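What follows is a set of notes on a single structure, which appears directly below.
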Amino acid sequence: GEEIACAAVFPFIGMSPNSTLAAGQAELAADGAIRTDAAMRTTAKGLFAVGVVRAGAAFRAAGSADDGAAAAQAAHSYLLDGAWPGAAE
């Protein structure tokens, strides 16, 4: 292989979301990413998806942190009232 002199390396490992745990539970996009609403709720009641595993992810750490904050707020609300948009009551 070719050697390249550099001061640092930032490895970016993969572009495919590892969503196997959600397969069959929540709706997935064509690329395998988990579909969510703006509050990171999936189509599976009680299941949230954040970061690069969700459809529409920014593939940036700050974006994933923002996803996590949105999911935490939505999870708190869900635990308080049990409401899940789109779920059959």
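FYI, nothing fancy with the structure tokens labels: chains A, B, ... in order, residues from 1 per chain, ligands from 1 as they appear.
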Can you list, as a list in words, every protein, DNA or RNA residue that comes within 8 Å of Ala70 in chain A when you count only C-alpha atoms, leaving out same-chain residues fewer than 3 positions away? Ala38, Ala39, Met40, Asp66, Asp67, Gln73 and Ala74 of chain A
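Atom pair CA of Phe48 in chain A / CA of Ala75 in chain A: separated by 8.0 Å.
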For each of A:Pro17, A:Gly46, A:Gly63, A:Gly56, take the minimum atom-to-atom distance to Leu79 in chain A, counting only C-alpha atoms, then give the residue where this is smallest.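 Result for the nearest residue to Leu79 in chain A: A:Gly46.
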According to DSSP computed on the backbone, where in range 14-67 of chain A is there alpha helix (DSSP H)? Give the residues as a PyMOL selection string. chain A and resi 61-67
Can you measure CA of Arg60 in chain A to CA of Asn18 in chain A for me? One decimal in Å is fine.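 If I compute the distance from CA of Arg60 in chain A to CA of Asn18 in chain A, I get 16.1 Å.
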Measuring atom to atom with only C-alpha atoms, identify which of A:Glu3, A:His76, A:Thr36, A:Ala8 is nearest to Arg54 in chain A.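 The closest residue to Arg54 in chain A is A:Thr36.
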Just list as JSON, numbers by chain whatever in chain A DSSP marks as strand (DSSP E or B). {"A": [28, 34, 41, 48, 54]}
Measuring between only C-alpha atoms, which one of A:Ala49, A:Ala33, A:Thr42, A:Ser16 shows the shortest distance to Trp84 in chain A?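 For Trp84 in chain A, the nearest of the given residues is A:Thr42.
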With a distance cut-off of 9 Å and only C-alpha atoms, select the neighbouring residues of Phe59 in chain A, excluding the residue or stretch itself and same-chain residues fewer than 6 positions from it, and output the selection as a tab-separated table (two decimals) with all heavy atoms, in the first residue's frame.
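The new file around.tsv reads:
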chain	number	residue	atom	x	y	z
A	15	MET	N	-21.12	3.62	5.95
A	15	MET	CA	-22.23	4.52	5.66
A	15	MET	C	-23.55	3.78	5.80
A	15	MET	O	-24.60	4.33	5.54
A	15	MET	CB	-22.10	5.07	4.24
A	15	MET	CG	-20.90	5.98	4.03
A	15	MET	SD	-21.02	7.53	4.92
A	15	MET	CE	-22.30	8.35	4.01
A	51	GLY	N	-29.15	9.53	15.87
A	51	GLY	CA	-27.83	9.44	15.26
A	51	GLY	C	-27.87	8.84	13.87
A	51	GLY	O	-28.90	8.87	13.19
A	52	VAL	N	-26.77	8.29	13.45
A	52	VAL	CA	-26.62	7.84	12.07
A	52	VAL	C	-27.48	6.63	11.72
A	52	VAL	O	-27.59	6.29	10.55
A	52	VAL	CB	-25.14	7.56	11.72
A	52	VAL	CG1	-24.32	8.85	11.84
A	52	VAL	CG2	-24.56	6.48	12.58
To one decimal place, how far is CA of Gly68 in chain A from CA of Val50 in chain A in Å?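 Atom-to-atom, CA of Gly68 in chain A and CA of Val50 in chain A are spaced 5.9 Å apart.
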